[in-house]
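Working notes, beginning with the structure itself.
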Amino acid sequence: MGSARRIWRAVLAGTAVLAVTAGCAVSAGSGSGTLIGAAAADLGAARVVPGQVYATRASGPLALDLFLPEGSGPHPLVVYAHGGGWDAGDRALDGHLAVGGAAESLAAERMLSRGFAVATVDYRLSDLGPAPAQVEDVADAVRWLQSHAGAWSLDADRVVLWGASAGGLLVSQLGAVTDDPGEPGGGLTGIRAVIDWFGPTDLSAEAELATPQLSDYSRRTVRKYLGCMPSECPQHAAAASPVRNLSGAEPPFLIQHGTKDSLVPIAQSLNFAAELRELGVDVSLHPYDDFDHGFTPGPSVPMIVDAIDEFLATHV
């Protein structure tokens, strides 16, 4: 684990906002599995395989949408976990928003143009179960896609995890435990890189105690996600914190975060990057002065997408 003094400096000022995008019904192509829900707009994909059920829980089915690029493949795969404070949001990415500069849509569109397949996944929200349910769901989605790689010409050994806000924590946690199959969601294979957009990385009791000014929203969101406040369940909170689970075996990370983030302070990403680097992990950290929480349309969005493009070209 990393040094305590840097972790304790991390500030837990909240978690996430509601998902940036909403879905638009589009149908394109078909695949194996049971269909539920509506497909997102096509993001320039050659084919959209919508509503694929990758797991069924007591609360119901969990689905993903798969966007396939041009070409015969095999295609490297990006798996996207949405934000929303773990208690809101869904898998939909709307291609129509790319015209207006929505960062998620533009990034996915660029990935597809570079020959990456993109899967957007639903996971159980925290009112259906606390952590680690969400991490386990995203991991199961990755494994399901790998097991069905032949159906869509996916490259199961070239997988990128990408998440925003609450989803950023989920993919960072999965990246942190790729070498530990005994951990929830642990032991994923074929993970070449992780892209963390402004995700919290330290939900520990120490981080909570360092910020007694937590808002009611933040307390409610963290309590729902963990099933307790961190000070009430310190071991569970530490186990759910990516920064507390690092080993040095992590894949390369790209961390992108707004310096004016009022919900997840950039200190969380700065400290996380420092811990990764101390362990010898390849980290690219990009702070952006223009942004609060979330990459809303603005002049820096193309730069954000370009950074992803360069990172993927280097590591995948």
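If you're wondering about the labels, chains in the structure tokens are A, B, ... by order shown, residues count from 1 in each chain, ligands from 1 in order shown.
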Closest pair table for stretch 62-133 of chain A residues within 10 Å of stretch 169-173 of chain A, only C-alpha atoms, as JSON lines:
```
{"residue": "A:Val79", "atom": "CA", "partner": "A:Val171", "partner_atom": "CA", "distance": 9.1}
{"residue": "A:Tyr80", "atom": "CA", "partner": "A:Val171", "partner_atom": "CA", "distance": 8.5}
{"residue": "A:Ala81", "atom": "CA", "partner": "A:Val171", "partner_atom": "CA", "distance": 7.3}
{"residue": "A:His82", "atom": "CA", "partner": "A:Leu170", "partner_atom": "CA", "distance": 9.4}
{"residue": "A:Gly83", "atom": "CA", "partner": "A:Leu169", "partner_atom": "CA", "distance": 9.3}
{"residue": "A:Trp86", "atom": "CA", "partner": "A:Leu170", "partner_atom": "CA", "distance": 9.5}
{"residue": "A:Ala131", "atom": "CA", "partner": "A:Leu170", "partner_atom": "CA", "distance": 9.8}
{"residue": "A:Pro132", "atom": "CA", "partner": "A:Leu170", "partner_atom": "CA", "distance": 9.2}
```
Using the chain letters and numbers from this document, which residues of stretch 115-313 of chain A does DSSP assign to helix (DSSP H, G or I), as a count of residues only? 87
Got a sec: who's within 12 Å of A:Ala237, counting only C-alpha atoms, leaving out chain neighbours fewer than 5 positions off, as a list in words? Pro130, Ala131, Pro132, Thr201, Asp202, Leu203, Ser204, Ala205, Glu206, Ala207, Glu208, Val222, Arg223, Tyr225, Leu226, Gly227, Cys228, Met229, Pro230, Ser231, Glu232, Pro242, Val243, Arg244 and Asn245 of chain A
Apply DSSP to the backbone of this structure and, from stretch 22-253 of chain A, keep only the residues in strand (DSSP E); write these as a ChimeraX atom specification. /A:47-57,60-68,75-81,117-121,154-164,191-197,253
So the first atom is atom CA of A:Gly167 and the second is atom CA of A:Val283; what is the distance between them in Å, to one decimal place? 18.5 Å
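The interatomic distance for the pair atom CA of A:Trp197 and atom CA of A:Val53 works out to 25.7 Å.
Using only C-alpha atoms, the smallest distance between any of A:Leu93, A:Ala307, A:Leu263, A:Leu112 and A:Arg47 comes from A:Leu112.
Comparing A:Gly84, A:Pro76, A:Gly294, A:Pro252 by their smallest distance to A:Phe311, the closest is A:Pro252 (using only C-alpha atoms).
Nearest-residue note for A:Leu154: choosing from A:Gln134, A:Ser113, A:Ser72, A:Ser105, the minimum distance belongs to A:Ser72, counting only C-alpha atoms.
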